[in-house]
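Student: Next comes the structure file upload10.csv, holding CSV, C-alpha atoms.
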chain,number,residue,atom,x,y,z
A,1,MET,CA,8.5,30.3,-11.6
A,2,ALA,CA,8.5,28.1,-14.7
A,3,SER,CA,7.5,24.5,-14.3
A,4,GLY,CA,10.4,22.2,-13.9
A,5,GLU,CA,12.7,24.6,-12.1
A,6,THR,CA,14.5,23.6,-9.0
A,7,LEU,CA,13.1,24.9,-5.7
A,8,LEU,CA,15.3,23.1,-3.1
A,9,ILE,CA,18.3,20.8,-2.9
A,10,PHE,CA,19.1,18.7,0.2
A,11,THR,CA,22.3,16.9,0.9
A,12,PRO,CA,23.1,14.3,3.6
A,13,SER,CA,24.8,16.9,5.8
A,14,MET,CA,21.5,18.9,6.0
A,15,ASN,CA,19.6,16.0,7.7
A,16,GLU,CA,18.0,16.8,11.0
A,17,PRO,CA,17.6,13.1,12.2
A,18,PRO,CA,14.3,12.1,13.7
A,19,GLY,CA,14.4,10.7,17.3
A,20,THR,CA,13.6,7.2,16.2
A,21,ASN,CA,14.8,5.1,13.2
A,22,PRO,CA,17.1,7.7,11.7
A,23,ALA,CA,19.0,7.1,8.5
A,24,THR,CA,22.7,6.7,9.4
A,25,PRO,CA,25.4,9.0,8.1
A,26,ASP,CA,28.1,7.2,6.1
A,27,ARG,CA,30.7,7.8,3.4
A,28,ARG,CA,31.2,6.0,0.1
A,29,ASN,CA,34.5,6.8,-1.6
A,30,TYR,CA,34.6,10.3,0.0
A,31,HIS,CA,30.9,10.9,-0.8
A,32,ASP,CA,28.7,11.7,2.1
A,33,VAL,CA,25.6,9.5,2.1
A,34,LEU,CA,22.8,8.6,4.4
A,35,ASP,CA,22.2,4.8,4.8
A,36,PHE,CA,18.7,3.6,4.8
A,37,ASP,CA,18.3,0.0,6.1
A,38,ALA,CA,16.6,-2.8,4.2
A,39,SER,CA,14.7,-4.2,7.1
A,40,THR,CA,13.6,-1.1,9.1
A,41,ASP,CA,11.8,2.0,7.9
A,42,GLU,CA,14.4,4.6,8.4
A,43,GLU,CA,13.9,8.4,7.9
A,44,ALA,CA,15.8,11.6,7.3
A,45,VAL,CA,14.3,15.1,7.8
A,46,PHE,CA,15.3,18.3,6.0
A,47,LYS,CA,14.2,21.9,6.9
A,48,ALA,CA,14.1,24.9,4.6
A,49,VAL,CA,12.2,28.1,3.8
A,50,LEU,CA,10.1,27.6,0.7
A,51,PRO,CA,11.5,30.0,-2.0
A,52,ARG,CA,9.3,32.9,-2.9
A,53,ASN,CA,9.4,32.0,-6.5
A,54,TYR,CA,7.3,28.9,-5.9
A,55,SER,CA,4.1,29.5,-7.8
A,56,GLY,CA,1.8,27.1,-5.9
A,57,GLY,CA,1.9,24.1,-8.2
A,58,GLY,CA,2.7,20.4,-7.5
A,59,VAL,CA,6.2,19.2,-7.1
A,60,THR,CA,8.4,16.3,-8.1
A,61,VAL,CA,11.0,15.1,-5.6
A,62,TYR,CA,14.1,13.5,-7.2
A,63,VAL,CA,15.9,11.0,-4.9
A,64,HIS,CA,19.5,10.4,-5.9
A,65,TYR,CA,20.8,7.2,-4.3
A,66,SER,CA,23.1,4.2,-4.8
A,67,MET,CA,22.9,0.7,-3.3
A,68,SER,CA,25.5,-0.9,-1.0
A,69,SER,CA,25.1,-4.5,-2.1
A,70,ASP,CA,22.1,-5.1,-4.3
A,71,SER,CA,21.8,-4.5,-8.1
A,72,THR,CA,18.8,-6.7,-9.1
A,73,ASN,CA,15.8,-5.8,-7.0
A,74,ASN,CA,13.4,-2.9,-6.1
A,75,VAL,CA,13.5,-0.1,-3.6
A,76,VAL,CA,10.6,2.0,-2.4
A,77,TRP,CA,10.9,5.6,-1.2
A,78,GLN,CA,8.3,7.7,0.6
A,79,GLY,CA,8.2,11.4,1.2
A,80,ALA,CA,6.1,13.8,3.2
A,81,PHE,CA,5.9,17.6,3.7
A,82,GLU,CA,5.2,19.5,6.9
A,83,ARG,CA,4.2,23.2,6.8
A,84,ILE,CA,5.5,25.0,9.9
A,85,GLY,CA,4.6,28.4,8.5
A,86,ASP,CA,3.6,31.4,10.7
A,87,GLY,CA,1.7,30.1,13.6
A,88,ILE,CA,0.6,27.0,11.6
A,89,GLN,CA,2.5,24.1,13.3
A,90,ASP,CA,3.6,23.8,17.0
A,91,VAL,CA,7.2,22.6,16.7
A,92,ASP,CA,6.8,20.6,19.8
A,93,ALA,CA,5.0,18.0,17.7
A,94,ASP,CA,5.2,16.7,14.1
A,95,GLY,CA,2.5,17.5,11.6
A,96,PHE,CA,3.6,15.8,8.3
A,97,ALA,CA,1.1,15.2,5.6
A,98,ALA,CA,0.5,11.6,4.4
A,99,PHE,CA,3.4,9.9,2.7
A,100,GLN,CA,3.5,9.7,-1.1
A,101,SER,CA,5.5,6.9,-2.7
A,102,THR,CA,7.7,6.1,-5.7
A,103,GLY,CA,6.2,2.6,-5.8
A,104,ALA,CA,8.7,-0.3,-6.4
A,105,VAL,CA,11.5,0.9,-8.6
A,106,ALA,CA,14.4,-1.1,-9.9
A,107,VAL,CA,17.7,-0.3,-8.3
A,108,PRO,CA,20.8,0.7,-10.4
A,109,THR,CA,22.2,-2.4,-12.1
A,110,ASN,CA,25.8,-1.6,-11.2
A,111,LEU,CA,26.8,-1.1,-7.6
A,112,GLY,CA,28.1,2.4,-7.1
A,113,ASN,CA,26.0,3.9,-9.9
A,114,VAL,CA,23.5,6.5,-8.8
A,115,GLY,CA,19.8,6.0,-9.5
A,116,ILE,CA,17.3,8.8,-9.5
A,117,ASP,CA,13.7,7.9,-8.4
A,118,THR,CA,10.8,10.3,-8.3
A,119,ILE,CA,7.9,11.0,-5.9
A,120,THR,CA,5.2,13.3,-7.3
A,121,PHE,CA,3.0,15.5,-5.1
A,122,THR,CA,-0.1,17.5,-6.1
A,123,ASN,CA,-0.5,21.0,-4.5
A,124,GLY,CA,-2.7,21.2,-1.5
A,125,ALA,CA,-3.1,18.4,1.1
A,126,GLN,CA,-0.4,16.1,-0.3
A,127,MET,CA,2.1,18.9,0.3
A,128,ASP,CA,0.5,20.0,3.7
A,129,SER,CA,-0.5,23.2,1.9
A,130,ILE,CA,3.0,24.6,2.1
A,131,ALA,CA,3.3,28.3,1.1
A,132,VAL,CA,6.0,30.6,-0.2
A,133,GLY,CA,8.3,32.2,2.4
A,134,GLU,CA,7.3,29.7,5.1
A,135,LEU,CA,9.5,27.3,7.0
A,136,ILE,CA,8.8,23.7,5.9
A,137,ARG,CA,10.2,20.2,6.5
A,138,PHE,CA,10.5,17.3,4.1
A,139,LYS,CA,10.8,13.7,5.4
A,140,LEU,CA,12.2,10.9,3.3
A,141,ARG,CA,11.7,7.3,4.3
A,142,ARG,CA,12.7,4.0,2.8
A,143,ASP,CA,9.6,1.8,2.9
A,144,ALA,CA,11.4,-1.3,4.2
A,145,ASP,CA,8.2,-2.9,5.6
A,146,ASP,CA,6.4,-2.7,2.3
A,147,THR,CA,3.4,-0.6,3.3
A,148,SER,CA,3.1,1.1,-0.1
A,149,ALA,CA,4.9,-1.4,-2.4
A,150,THR,CA,7.4,-4.3,-2.1
A,151,ASP,CA,10.9,-3.1,-1.3
A,152,SER,CA,12.9,-6.3,-2.2
A,153,ALA,CA,16.4,-4.8,-2.3
A,154,SER,CA,18.9,-6.1,0.3
A,155,GLY,CA,21.5,-3.9,1.9
A,156,ASP,CA,21.5,-0.2,2.5
A,157,ALA,CA,20.1,2.4,0.1
A,158,GLU,CA,22.6,5.3,0.2
A,159,LEU,CA,21.1,8.7,-0.2
A,160,HIS,CA,23.3,11.2,-2.1
A,161,ALA,CA,20.9,14.1,-2.6
A,162,ILE,CA,17.3,15.2,-3.0
A,163,GLU,CA,16.1,17.8,-5.5
A,164,ILE,CA,12.6,19.3,-5.4
A,165,LYS,CA,11.2,20.8,-8.6
A,166,GLU,CA,7.9,22.5,-9.2
A,167,THR,CA,5.9,20.6,-11.9
Write out the structure in this file as structure tokens.

Tutor:
Amino acid sequence: MASGETLLIFTPSMNEPPGTNPATPDRRNYHDVLDFDASTDEEAVFKAVLPRNYSGGGVTVYVHYSMSSDSTNNVVWQGAFERIGDGIQDVDADGFAAFQSTGAVAVPTNLGNVGIDTITFTNGAQMDSIAVGELIRFKLRRDADDTSATDSASGDAELHAIEIKET
């Protein structure tokens, strides 16, 4: 696969919400979104089979989102991969790799506009050593408690889609 080609796309309806602090399904002018709160770390989880044209490189995750009420501050997104594979991960427990972060990124300056923030992952441990043709999960979190950078945006961050490209 050529660098920069899309591997996976996730939409809000594909979310398999975690048992605690899930992002909340919502709609914005007929657009399905997932709302991520400003004061609590909320998460969404997406499952897929890693396409066989993945060549083993790092990936960039593109987070497409809008804000419900803030157009002047910063938001922080975190992402983590889990390799389920063939006999790799017991699905009775989670085994996500460490979160990687966007850092603090300015939100769109007009409410309703969609911003696109990126999270980069190197191949190997940052991606839980995911492999072609295997079942994987991707977890997205809004870092509302500022563990990786300062998320100063008020109101919900509304997820529209996630695109994962090989880099």

Student: Near segment 118-131 of chain A, within 8 Å and counting only C-alpha atoms, which residues show up once chain neighbours fewer than 3 positions away are dropped, as a compact mmCIF listing (two decimals) with C-alpha atoms, in the coordinates of the input?

Tutor:
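Heads up, here's the output in out22.txt:
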# COMPACT_ATOMS: atom_id res chain seq x y z
CA LEU A 50 10.10 27.60 0.70
CA GLY A 56 1.80 27.10 -5.90
CA GLY A 57 1.90 24.10 -8.20
CA GLY A 58 2.70 20.40 -7.50
CA VAL A 59 6.20 19.20 -7.10
CA THR A 60 8.40 16.30 -8.10
CA VAL A 61 11.00 15.10 -5.60
CA TYR A 62 14.10 13.50 -7.20
CA VAL A 63 15.90 11.00 -4.90
CA TRP A 77 10.90 5.60 -1.20
CA GLN A 78 8.30 7.70 0.60
CA GLY A 79 8.20 11.40 1.20
CA ALA A 80 6.10 13.80 3.20
CA PHE A 81 5.90 17.60 3.70
CA GLU A 82 5.20 19.50 6.90
CA ARG A 83 4.20 23.20 6.80
CA GLY A 85 4.60 28.40 8.50
CA PHE A 96 3.60 15.80 8.30
CA ALA A 97 1.10 15.20 5.60
CA ALA A 98 0.50 11.60 4.40
CA PHE A 99 3.40 9.90 2.70
CA GLN A 100 3.50 9.70 -1.10
CA SER A 101 5.50 6.90 -2.70
CA THR A 102 7.70 6.10 -5.70
CA GLU A 134 7.30 29.70 5.10
CA ILE A 136 8.80 23.70 5.90

Student: Please, what distance in Å, to one decimal, runs between atom CA of Asp41 of chain A and atom CA of Ala23 of chain A?

Tutor: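 Calculated distance between atom CA of Asp41 of chain A and atom CA of Ala23 of chain A is 8.8 Å.
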
Student: Skip Gly19 of chain A itself and residues of its chain fewer than 5 positions away, then list as a PyMOL selection string all residues within 12 Å of it, counting all atoms listed in the file.

Tutor: chain A and resi 42-45+93-94

Student: What lies within 9 Å of Asp26 of chain A using all atoms listed in the file, ignoring chain neighbours under 6 positions off, as an MDAnalysis selection string?

Tutor: chainID A and resid 32:35 158

Student: Looking at all atoms listed in the file, which of A:Lys139, A:Asp146, A:His31, A:Met67 is the one that sits closest to Asn15 of chain A?

Tutor: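 Residue with the minimum atom-to-atom distance to Asn15 of chain A: A:Lys139.
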
Student: Provide an axis-aligned box for all listed atoms of segment 134-149 of chain A, padding each side by 4 Å; report its centre and its edge lengths in Å to one decimal, as lines of an AutoDock Vina configuration file.

Tutor:
center_x = 7.9
center_y = 13.4
center_z = 2.3
size_x = 17.6
size_y = 40.6
size_z = 17.4

Student: Can you measure atom CA of Glu16 of chain A to atom CA of Asn73 of chain A for me? One decimal in Å is fine.

Tutor: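 Taking atom CA of Glu16 of chain A as the start and atom CA of Asn73 of chain A as the end point, the length is 29.0 Å.
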
Student: Can you work out which one of A:Val75, A:Ala104, A:Leu140, A:Ala149 has the shortest atom-to-atom distance to Pro12 of chain A, counting only C-alpha atoms?

Tutor: A:Leu140

Student: Using all atoms listed in the file, determine which residues lie at most 9 Å from Gly155 of chain A, disregarding the query and same-chain residues fewer than 4 positions distant; provide the list as a VMD selection string.

Tutor: chain A and resid 36 to 39 67 to 70

Student: Just the number, please: distance in Å from atom CA of Phe46 of chain A to atom CA of Ile84 of chain A, one decimal.

Tutor: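 So the two atoms, atom CA of Phe46 of chain A and atom CA of Ile84 of chain A, lie 12.5 Å apart.
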
Student: Which is closest to Pro108 of chain A among A:Val76, A:Leu159, A:Ile164, A:Ser71, if we use all atoms listed in the file?

Tutor: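 Result for the nearest residue to Pro108 of chain A: A:Ser71.
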
Student: Of the residues A:Glu166, A:Ser148, A:Asp143, A:Val107, which is the one nearest to His64 of chain A, using only C-alpha atoms?

Tutor: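 Under the stated criterion, the closest residue is A:Val107.
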
Student: For Asn74 of chain A, find every residue with an atom within 8 Å (counting all atoms listed in the file), except residues of its own chain fewer than 4 positions away, and show them as a JSON list (two decimals) with C-alpha atoms, keeping the file's coordinate frame.

Tutor:
[["chain", "number", "residue", "atom", "x", "y", "z"],
["A", 104, "ALA", "CA", 8.70, -0.30, -6.40],
["A", 105, "VAL", "CA", 11.50, 0.90, -8.60],
["A", 106, "ALA", "CA", 14.40, -1.10, -9.90],
["A", 107, "VAL", "CA", 17.70, -0.30, -8.30],
["A", 150, "THR", "CA", 7.40, -4.30, -2.10],
["A", 151, "ASP", "CA", 10.90, -3.10, -1.30],
["A", 152, "SER", "CA", 12.90, -6.30, -2.20],
["A", 153, "ALA", "CA", 16.40, -4.80, -2.30]]

Student: I need the residue nearest Thr40 of chain A from this list: A:Thr147, A:Glu163, A:Pro25, A:Arg142. Use all atoms listed in the file for the distance.

Tutor: A:Arg142

Student: For segment 18-37 of chain A, write N, CA and C atoms out as an mmCIF file, in the first residue's frame.

Tutor:
data_model
loop_
_atom_site.group_PDB
_atom_site.id
_atom_site.type_symbol
_atom_site.label_atom_id
_atom_site.label_comp_id
_atom_site.auth_asym_id
_atom_site.auth_seq_id
_atom_site.Cartn_x
_atom_site.Cartn_y
_atom_site.Cartn_z
ATOM 1 N N PRO A 18 -17.764 1.818 25.510
ATOM 2 C CA PRO A 18 -17.197 1.142 26.669
ATOM 3 C C PRO A 18 -18.202 1.149 27.828
ATOM 4 N N GLY A 19 -17.961 0.320 28.840
ATOM 5 C CA GLY A 19 -18.871 0.205 29.973
ATOM 6 C C GLY A 19 -18.911 1.420 30.872
ATOM 7 N N THR A 20 -17.837 2.206 30.880
ATOM 8 C CA THR A 20 -17.804 3.414 31.709
ATOM 9 C C THR A 20 -17.403 4.611 30.858
ATOM 10 N N ASN A 21 -17.982 5.753 31.156
ATOM 11 C CA ASN A 21 -17.687 7.029 30.502
ATOM 12 C C ASN A 21 -17.724 6.969 28.971
ATOM 13 N N PRO A 22 -18.812 6.445 28.416
ATOM 14 C CA PRO A 22 -18.898 6.423 26.951
ATOM 15 C C PRO A 22 -19.263 7.797 26.396
ATOM 16 N N ALA A 23 -18.786 8.090 25.191
ATOM 17 C CA ALA A 23 -19.258 9.252 24.456
ATOM 18 C C ALA A 23 -20.741 9.020 24.161
ATOM 19 N N THR A 24 -21.509 10.099 24.083
ATOM 20 C CA THR A 24 -22.964 10.005 23.964
ATOM 21 C C THR A 24 -23.420 10.226 22.526
ATOM 22 N N PRO A 25 -24.226 9.311 21.976
ATOM 23 C CA PRO A 25 -24.764 9.535 20.636
ATOM 24 C C PRO A 25 -25.657 10.777 20.611
ATOM 25 N N ASP A 26 -25.568 11.548 19.541
ATOM 26 C CA ASP A 26 -26.347 12.766 19.402
ATOM 27 C C ASP A 26 -26.505 13.044 17.906
ATOM 28 N N ARG A 27 -27.249 14.103 17.594
ATOM 29 C CA ARG A 27 -27.395 14.556 16.205
ATOM 30 C C ARG A 27 -27.211 16.058 16.166
ATOM 31 N N ARG A 28 -26.571 16.514 15.119
ATOM 32 C CA ARG A 28 -26.433 17.946 14.880
ATOM 33 C C ARG A 28 -26.894 18.208 13.455
ATOM 34 N N ASN A 29 -28.052 18.867 13.335
ATOM 35 C CA ASN A 29 -28.649 19.135 12.030
ATOM 36 C C ASN A 29 -28.624 17.897 11.133
ATOM 37 N N TYR A 30 -29.145 16.795 11.630
ATOM 38 C CA TYR A 30 -29.264 15.526 10.902
ATOM 39 C C TYR A 30 -27.936 14.812 10.689
ATOM 40 N N HIS A 31 -26.879 15.278 11.307
ATOM 41 C CA HIS A 31 -25.586 14.590 11.266
ATOM 42 C C HIS A 31 -25.436 13.792 12.558
ATOM 43 N N ASP A 32 -25.217 12.486 12.439
ATOM 44 C CA ASP A 32 -24.923 11.692 13.622
ATOM 45 C C ASP A 32 -23.555 12.091 14.158
ATOM 46 N N VAL A 33 -23.465 12.310 15.456
ATOM 47 C CA VAL A 33 -22.204 12.642 16.122
ATOM 48 C C VAL A 33 -22.127 11.875 17.441
ATOM 49 N N LEU A 34 -20.949 11.820 18.001
ATOM 50 C CA LEU A 34 -20.742 11.349 19.371
ATOM 51 C C LEU A 34 -20.251 12.533 20.182
ATOM 52 N N ASP A 35 -20.941 12.836 21.276
ATOM 53 C CA ASP A 35 -20.570 13.954 22.139
ATOM 54 C C ASP A 35 -19.558 13.508 23.189
ATOM 55 N N PHE A 36 -18.442 14.238 23.255
ATOM 56 C CA PHE A 36 -17.404 14.016 24.253
ATOM 57 C C PHE A 36 -17.420 15.214 25.194
ATOM 58 N N ASP A 37 -17.652 14.957 26.470
ATOM 59 C CA ASP A 37 -17.827 15.991 27.490
ATOM 60 C C ASP A 37 -16.538 16.774 27.747
#
